[in-house]
Amino acid sequence: MFEHVLIPKPSEEGATILSAAFKAAMSAPNPSAATPALMEVLGKTFSAKRAYIYQLPPDSSEFYCSCEWSAPGTEPMNDITHGITKTMAARWFGDGNASSLLAIRNVKDVARVSPQYAEFFEQRNMKTQVLGKLIRGTHPMGVLGFDDPDPQKFDLLCGIMYPICAFAASTVNSQNLLGRIRSAGMVDKLTGAGTRLSFYQKAERLPTHLCVGMAYLDIAGLQGVNDVCGHDAGDDLLKTVRQILVTEFQDDQIFRMSGDEFLVMAEGMPEQPFYLAMTRIRGRLSELSTYVAVGTNWQPKLGTEYDSFVRHAWLGCSNDKREWERQGGQRLGDSFGNATDKTMSGANGFESESHMGSSLDIPCYLNDEFFRRAHIWMTHVKANRIALIALDINYFKLYNDIFGRTAGDMLLESYAHAINKISKNQHGLSGYLGGDNFALIFALDDDIDEAWVQSVIEIGLGECSTAEGFAPSAGIVITSELDTGMTILYDRAIVALQEVKGSYTNHVAFYDEKRYERERENQMLLIRAQEGLAKDEFTFFLQPKVDITNNKVVSAEALVRWYRDGELVPPFKFVELMERSGYIFALDRYIWEAVCIWQRSLIDRGISPVPVSVNVSRVDFYFTDLATHFQNMVQRYDLPPRLIGVEITESAYSKDSDLIDEAIRQLQKSGFLVFMDDFGSGYSSLNMLRSVTVDVLKMDKGFIDHADIHNGSDAIISSVINMAHRMGLPVISEGVETEEQRDSLRKMDCDYVQGYYYYKPMTIEDFERILESGEAVELGHSDNLILALKNSRD
């Protein structure tokens with residue numbers, strides 16, 4: 001019958017089986033393959049018909065089969081048995097004790113007490129069954145079971161079910177968490193629109209021959225709604241804008257790019273239907289009480305430069321918003337930067353109708369009219385090279401605030417006439433793109449160099465009498481690729497402009513193709529890194545920390561590694577990039593979780609662990625309540641906090657120290673050790689160190705690299721160590737590579753060292769061999785030497 005058996009301690013044979021099964025799971029190419037690998041090894045070992053896991057999602061009343069291994073010739077049953085209810089499965093959980101299992105030795109006995117369950121047995125054509133519970137904390141996650149295991153191994157299987165289930169529960173929990181992280185990164189929870197990441201992933205996969213319409217939208221008054229009406233009203237406004245977009249475009253064509261900005265990418269949509277759809281969108285947006293700025297762009301071919309198309313739409317949106325602000329925040333009617341726009345006054349032979357209804361005297365082609373005419377001009381130009389210049393006025397909004405909008409309009413007109421004069425002198429074209437943005441294009445003779453082009457711009461603009469500090473900056477592209485699209489050339493000019501925008505000393509920059517390619521490669525690498533997280537391409541290496549007195553390993557640091565297409569991507573290529581983008585939090589969280597999973601697996605396999613510290617970026621403090629996150633994480637994996645250290649770089653303390661100090665206090669209160677990493681790397685001061693309550697000081701590698709230790713000492717290093725010891729802080733020295741360095745640090749009373757002299761960063765498997773070889777201090781003998789040393793100094 002139903003027999004709930006308390007699981008005994010595994011035998012020696014059982015421990016061997018566990019070791020092989022867990023190693024197979026940990027060696028899987030990614031976390032999603034870990035559970036199937038585990039079940040296959042165990043299913044074969046116990047000659048079962050099937051080995052499987054049924055999960056019970058939170059707030060669900062039905063189980064579903066998430067993993068099933070079937071012996072050769074045995075029909076899988078996962079499709080048949082989806083949807084088992086809690087009521088039917090109640091017997092699986094029995095007394096609720098995680099350390100007990102359900103052992104059914106004879107299905108005929110079950111039939112007498114539970115015909116429904118016996119019918120379930122008959123469906124699966126089985127005679128015996130062993131089931132264990134998957135539980136994390138107090139939450140039942142599901143069950144793990146075997147159908148018809150070898151009768152001679154039945155008791156052996158029962159004896160190791162608890163560690164099997166504990167390991168499987170942590171693996172399943174990790175897979176579920178990673179799934180939630182991936183889905184959270186692709187869909188905006190508030191509006192249901194795609195995220196910036198999902199846009200880039202989609203754009204990368206679209207065929208390059210498709211036509212595409214882009215629309216960029218900015219809710220100009222969202223902050224005011226939040227301030228006056230509350231954030232609930234602001235959230236409702238965001239949802240409403242997205243609902244309006246859905247009336248014309250598909251769900252997967254709408255993306256929320258930031259707090260108040262949306263992007264529509266209508267791939268494969270012809271030009272006229274796209275602009276008609278946007279006209280209808282504009283009408284619906286005009287009914288809102290808050291202004292929504294819009295910029296559009298349609299191209300006959302997506303190509304590989306989709307980011308240029310997005311930028312053009314964004315520029316139209318930005319100009320629209322600026323003109324709305326210029327008019328005092330009033331609704332402006334026709335505010336799209338598309339082909340219906342007209343020029344400024346008639347110097348170029350077009351109607352004297354101002355942009356957005358203003359009455360500025362600006363003799364330049366407007367927005368898309370400039371790009372259209374420039375394209376025609378390029379097809380007829382009698383030269384091998386051209387120069388395209390993007391210009392905008394430094395601190396123009398500040399100029400308006402100081403001198404008033406009337407003076408700002410006069411400044412725009414002054415520069416517009418100067419830019420138009422340059423274009424006439426050089427037989428080119430000038431354009432006004434709204435706000436304080438201008439463009440200029442003209443031909444170049446073969447013997448003209450960059451210095452000449454720069455002088456033409458500086459002399460031409462220097463004729464204007466303007467307030468000091470509010471001159472235009474210029475980004476210049478010189479090219480012989482006359483078949484390159486105008487929007488692409490303008491986008492490159494904008495890249496150059498960004499280098500000098502806001503500078504008081506340098507106002508001109510030339511486009512650097514190599515720099516642009518580096519930026520583009522960085523952006524593509526960031527996208528691939530985000531994809532790599534979703535594909536479980538990241539892992540970690542471990543670099544041991546060694547007690548300098550006995551050369552024993554006492555702990556380790558987890559260092560991120562990325563295997564892409566089977567090759568190792570150097571961390572310097574992606575870590576700093578992810579820090580700048582803010583996406584480092586997703587990577588850090590991934591590694592923190594992976595370290596906890598591995599530490600849990602060591603314990604489950606009977607291997608004595610040592611503390612492992614993980615790195616925390618300054619960005620992480622803003623994305624989450626760090627202390628609570630770490631508390632919940634070690635609780636999920638049933639780990640003592642002393643097994644997870646937290647390393648925070650010294651530079652992180654230089655900003656928002658109150659926020660970081662409070663997080664450190666809460667981490668320490670929960671039992672985590674906090675390390676100040678890279679001390680002395682350039683940001684530190686004694687006052688700052690005195691105010692930070694860390695547990696351990698890690699001296700930056702630069703101390704060792706520049707030390708004079710030929711006499712067995714170095715004044716600076718010795719002073720740092722003595723100072724730290726007086727403050728009760730153990731010291732770890734990074735970058736130790738020679739015996740002379742090690743011996744000198746030992747004489748200076750350094751506590752621990754980390755570096756190539758002892759160990760390079762190594763794989764998880766190699767570090768496990770250290771733990772099993774006796775090269776590491778057993779945790780049970782020294783329950784964290786670093787903590788013991790700190791306590792002895794307090």
# chains A, B, ... in the order shown; residues from 1 in each chain; ligands from 1

$ residues_around --residues "Ala594 (chain A)" --least-positions-apart "2" --cutoff "10 Å" --atoms "only C-alpha atoms" --output "list of chain:residue names"
A:Pro31, A:Thr171, A:Ser174, A:Phe538, A:Thr539, A:Phe540, A:Ala558, A:Asp588, A:Arg589, A:Tyr590, A:Ile591, A:Trp592, A:Cys596, A:Ile597, A:Trp598, A:Gln599, A:Arg600

$ residues_around --residues "Asp751 (chain A)" --least-positions-apart "6" --cutoff "10 Å" --atoms "only C-alpha atoms" --output "PyMOL selection string"
chain A and resi 546-549+721+725+729-733+745+786+789

$ select_by_dssp --residues "region 614-676 of chain A" --states "strand (DSSP E)" --output "ChimeraX atom specification"
/A:614-616,644-649,674-676

$ write_last_selection --atoms "N, CA and C atoms" --output "PDB file, in the first residue's frame"
ATOM      1  N   VAL A 614      31.295  36.721  -3.954  1.00  0.00           N
ATOM      2  CA  VAL A 614      30.810  37.147  -5.268  1.00  0.00           C
ATOM      3  C   VAL A 614      30.961  38.656  -5.380  1.00  0.00           C
ATOM      4  N   ASN A 615      31.091  39.130  -6.582  1.00  0.00           N
ATOM      5  CA  ASN A 615      31.297  40.559  -6.813  1.00  0.00           C
ATOM      6  C   ASN A 615      29.968  41.288  -6.949  1.00  0.00           C
ATOM      7  N   VAL A 616      29.914  42.477  -6.385  1.00  0.00           N
ATOM      8  CA  VAL A 616      28.729  43.327  -6.432  1.00  0.00           C
ATOM      9  C   VAL A 616      29.124  44.657  -7.062  1.00  0.00           C
ATOM     10  N   ILE A 644      28.723  32.613   1.649  1.00  0.00           N
ATOM     11  CA  ILE A 644      28.662  33.571   0.542  1.00  0.00           C
ATOM     12  C   ILE A 644      29.200  34.917   1.018  1.00  0.00           C
ATOM     13  N   GLY A 645      30.356  35.326   0.495  1.00  0.00           N
ATOM     14  CA  GLY A 645      30.902  36.642   0.802  1.00  0.00           C
ATOM     15  C   GLY A 645      30.482  37.652  -0.256  1.00  0.00           C
ATOM     16  N   VAL A 646      30.546  38.924   0.090  1.00  0.00           N
ATOM     17  CA  VAL A 646      30.127  39.994  -0.811  1.00  0.00           C
ATOM     18  C   VAL A 646      31.301  40.953  -1.012  1.00  0.00           C
ATOM     19  N   GLU A 647      31.813  41.022  -2.246  1.00  0.00           N
ATOM     20  CA  GLU A 647      32.937  41.905  -2.559  1.00  0.00           C
ATOM     21  C   GLU A 647      32.427  43.144  -3.286  1.00  0.00           C
ATOM     22  N   ILE A 648      32.728  44.316  -2.720  1.00  0.00           N
ATOM     23  CA  ILE A 648      32.294  45.587  -3.273  1.00  0.00           C
ATOM     24  C   ILE A 648      33.537  46.408  -3.585  1.00  0.00           C
ATOM     25  N   THR A 649      33.681  46.850  -4.824  1.00  0.00           N
ATOM     26  CA  THR A 649      34.877  47.596  -5.201  1.00  0.00           C
ATOM     27  C   THR A 649      34.942  48.920  -4.461  1.00  0.00           C
ATOM     28  N   VAL A 674      31.523  41.170   4.323  1.00  0.00           N
ATOM     29  CA  VAL A 674      31.625  42.169   3.264  1.00  0.00           C
ATOM     30  C   VAL A 674      33.099  42.537   3.078  1.00  0.00           C
ATOM     31  N   PHE A 675      33.577  42.441   1.846  1.00  0.00           N
ATOM     32  CA  PHE A 675      34.966  42.741   1.503  1.00  0.00           C
ATOM     33  C   PHE A 675      35.019  44.075   0.765  1.00  0.00           C
ATOM     34  N   MET A 676      35.994  44.924   1.103  1.00  0.00           N
ATOM     35  CA  MET A 676      36.286  46.084   0.264  1.00  0.00           C
ATOM     36  C   MET A 676      37.328  45.652  -0.751  1.00  0.00           C
TER      37      MET A 676
END

$ closest_residue --among "A:Ser198, A:Gln175, A:Asn297, A:Ser555" --to "Leu643 (chain A)" --atoms "only C-alpha atoms"
A:Ser555

$ closest_residue --among "A:Pro472, A:Gly582, A:Gly259, A:Gly485" --to "Ala418 (chain A)" --atoms "only C-alpha atoms"
A:Pro472

$ closest_residue --among "A:Gly73, A:Pro57, A:Gly14, A:Gly431" --to "Phe154 (chain A)" --atoms "only C-alpha atoms"
A:Gly14

$ closest_residue --among "A:Ala509, A:Ala556, A:Cys464, A:Val107" --to "Ala451 (chain A)" --atoms "only C-alpha atoms"
A:Ala509

$ atom_distance --atom1 "CA of Thr290 (chain A)" --atom2 "CA of Glu261 (chain A)"
13.7 Å

$ residues_around --residues "Gly221 (chain A)" --least-positions-apart "4" --cutoff "8 Å" --atoms "only C-alpha atoms" --output "list of chain:residue names"
A:Val225, A:Thr290, A:Tyr291, A:Val292

$ closest_residue --among "A:Cys364, A:Ala416, A:Ala20, A:Val212" --to "Pro273 (chain A)" --atoms "only C-alpha atoms"
A:Val212

$ closest_residue --among "A:Leu577, A:Ala387, A:Leu771, A:Leu302" --to "Gly606 (chain A)" --atoms "only C-alpha atoms"
A:Leu771

$ residues_around --residues "Phe146 (chain A)" --least-positions-apart "5" --cutoff "6 Å" --atoms "only C-alpha atoms" --output "list in words"
Arg50, Ala51, Gln129 and Val130 of chain A

$ atom_distance --atom1 "CA of Leu526 (chain A)" --atom2 "CA of Pro570 (chain A)"
13.6 Å

$ residues_around --residues "Met762 (chain A)" --least-positions-apart "4" --cutoff "12 Å" --atoms "only C-alpha atoms" --output "list in words"
Thr539, Phe540, Phe541, Leu542, Gln543, Pro544, Ala556, Glu557, Ala558, Leu559, Val560, Arg561, Gly755, Tyr756, Tyr758, Asp766, Phe767, Glu768, Arg769 and Ile770 of chain A

$ write_last_selection --atoms "C-alpha atoms" --output "short mmCIF file (atom, residue, chain, number, x, y, z; two decimals), in the first residue's frame"
data_model
loop_
_atom_site.label_atom_id
_atom_site.label_comp_id
_atom_site.auth_asym_id
_atom_site.auth_seq_id
_atom_site.Cartn_x
_atom_site.Cartn_y
_atom_site.Cartn_z
CA THR A 539 29.51 30.40 -15.78
CA PHE A 540 32.13 31.23 -13.17
CA PHE A 541 35.72 30.32 -12.37
CA LEU A 542 37.10 30.27 -8.84
CA GLN A 543 40.34 31.84 -7.63
CA PRO A 544 41.39 30.58 -4.19
CA ALA A 556 37.64 31.67 -3.06
CA GLU A 557 36.36 34.42 -5.29
CA ALA A 558 33.84 33.68 -8.08
CA LEU A 559 34.86 35.31 -11.38
CA VAL A 560 32.44 35.45 -14.31
CA ARG A 561 33.33 33.65 -17.54
CA GLY A 755 47.28 35.42 -6.99
CA TYR A 756 49.03 33.33 -9.61
CA TYR A 758 49.33 29.94 -5.63
CA ASP A 766 39.42 21.87 -10.67
CA PHE A 767 38.45 23.71 -7.50
CA GLU A 768 36.44 20.74 -6.31
CA ARG A 769 39.59 18.64 -6.63
CA ILE A 770 41.29 21.07 -4.24
#

$ atom_distance --atom1 "CA of Pro609 (chain A)" --atom2 "CA of Asp677 (chain A)"
22.4 Å

$ residues_around --residues "Arg280 (chain A)" --least-positions-apart "3" --cutoff "12 Å" --atoms "only C-alpha atoms" --output "PDB file with N, CA and C atoms, in the first residue's frame"
ATOM      1  N   ILE A 244      -3.578  52.527 -27.544  1.00  0.00           N
ATOM      2  CA  ILE A 244      -3.810  53.267 -28.783  1.00  0.00           C
ATOM      3  C   ILE A 244      -2.951  52.707 -29.910  1.00  0.00           C
ATOM      4  N   LEU A 245      -1.700  52.404 -29.614  1.00  0.00           N
ATOM      5  CA  LEU A 245      -0.805  51.851 -30.631  1.00  0.00           C
ATOM      6  C   LEU A 245      -1.280  50.483 -31.125  1.00  0.00           C
ATOM      7  N   VAL A 246      -1.871  49.714 -30.227  1.00  0.00           N
ATOM      8  CA  VAL A 246      -2.351  48.376 -30.590  1.00  0.00           C
ATOM      9  C   VAL A 246      -3.510  48.445 -31.577  1.00  0.00           C
ATOM     10  N   THR A 247      -4.220  49.576 -31.645  1.00  0.00           N
ATOM     11  CA  THR A 247      -5.333  49.690 -32.595  1.00  0.00           C
ATOM     12  C   THR A 247      -4.865  49.659 -34.044  1.00  0.00           C
ATOM     13  N   GLU A 248      -3.573  49.950 -34.288  1.00  0.00           N
ATOM     14  CA  GLU A 248      -3.064  49.978 -35.657  1.00  0.00           C
ATOM     15  C   GLU A 248      -1.931  48.989 -35.906  1.00  0.00           C
ATOM     16  N   PHE A 249      -1.235  48.587 -34.834  1.00  0.00           N
ATOM     17  CA  PHE A 249      -0.061  47.741 -35.007  1.00  0.00           C
ATOM     18  C   PHE A 249      -0.165  46.499 -34.130  1.00  0.00           C
ATOM     19  N   PRO A 273       0.283  53.001 -46.242  1.00  0.00           N
ATOM     20  CA  PRO A 273      -0.474  52.474 -45.089  1.00  0.00           C
ATOM     21  C   PRO A 273       0.163  52.833 -43.746  1.00  0.00           C
ATOM     22  N   PHE A 274       1.501  52.875 -43.710  1.00  0.00           N
ATOM     23  CA  PHE A 274       2.160  53.219 -42.452  1.00  0.00           C
ATOM     24  C   PHE A 274       1.819  54.637 -42.024  1.00  0.00           C
ATOM     25  N   TYR A 275       1.964  55.603 -42.956  1.00  0.00           N
ATOM     26  CA  TYR A 275       1.690  56.992 -42.582  1.00  0.00           C
ATOM     27  C   TYR A 275       0.205  57.227 -42.310  1.00  0.00           C
ATOM     28  N   LEU A 276      -0.675  56.492 -43.031  1.00  0.00           N
ATOM     29  CA  LEU A 276      -2.107  56.606 -42.726  1.00  0.00           C
ATOM     30  C   LEU A 276      -2.398  56.073 -41.322  1.00  0.00           C
ATOM     31  N   ALA A 277      -1.760  54.967 -40.972  1.00  0.00           N
ATOM     32  CA  ALA A 277      -1.943  54.416 -39.620  1.00  0.00           C
ATOM     33  C   ALA A 277      -1.460  55.402 -38.571  1.00  0.00           C
ATOM     34  N   GLY A 283      -4.494  61.155 -34.284  1.00  0.00           N
ATOM     35  CA  GLY A 283      -5.819  61.632 -33.910  1.00  0.00           C
ATOM     36  C   GLY A 283      -6.253  61.120 -32.552  1.00  0.00           C
ATOM     37  N   ARG A 284      -5.960  59.852 -32.264  1.00  0.00           N
ATOM     38  CA  ARG A 284      -6.348  59.282 -30.967  1.00  0.00           C
ATOM     39  C   ARG A 284      -5.503  59.878 -29.843  1.00  0.00           C
ATOM     40  N   LEU A 285      -4.204  60.094 -30.118  1.00  0.00           N
ATOM     41  CA  LEU A 285      -3.343  60.694 -29.101  1.00  0.00           C
ATOM     42  C   LEU A 285      -3.767  62.128 -28.778  1.00  0.00           C
ATOM     43  N   SER A 286      -4.315  62.827 -29.773  1.00  0.00           N
ATOM     44  CA  SER A 286      -4.714  64.217 -29.547  1.00  0.00           C
ATOM     45  C   SER A 286      -5.874  64.334 -28.564  1.00  0.00           C
ATOM     46  N   GLU A 287      -6.570  63.222 -28.310  1.00  0.00           N
ATOM     47  CA  GLU A 287      -7.682  63.245 -27.362  1.00  0.00           C
ATOM     48  C   GLU A 287      -7.208  63.131 -25.915  1.00  0.00           C
TER      49      GLU A 287
END

$ residues_around --residues "region 498-502 of chain A" --least-positions-apart "5" --cutoff "8 Å" --atoms "only C-alpha atoms" --output "list in words"
Asn394, Tyr395, Ser473, Ala474, Gly475, His507, Val508 and Ala509 of chain A

$ write_last_selection --atoms "C-alpha atoms" --output "JSON list (two decimals), in the first residue's frame"
[["chain", "number", "residue", "atom", "x", "y", "z"],
["A", 394, "ASN", "CA", 25.44, 74.30, -27.09],
["A", 395, "TYR", "CA", 23.19, 74.77, -24.07],
["A", 473, "SER", "CA", 29.10, 72.28, -32.24],
["A", 474, "ALA", "CA", 29.63, 70.41, -35.49],
["A", 475, "GLY", "CA", 30.08, 66.74, -36.32],
["A", 507, "HIS", "CA", 33.49, 72.75, -31.38],
["A", 508, "VAL", "CA", 34.32, 70.50, -34.36],
["A", 509, "ALA", "CA", 34.84, 66.74, -34.58]]
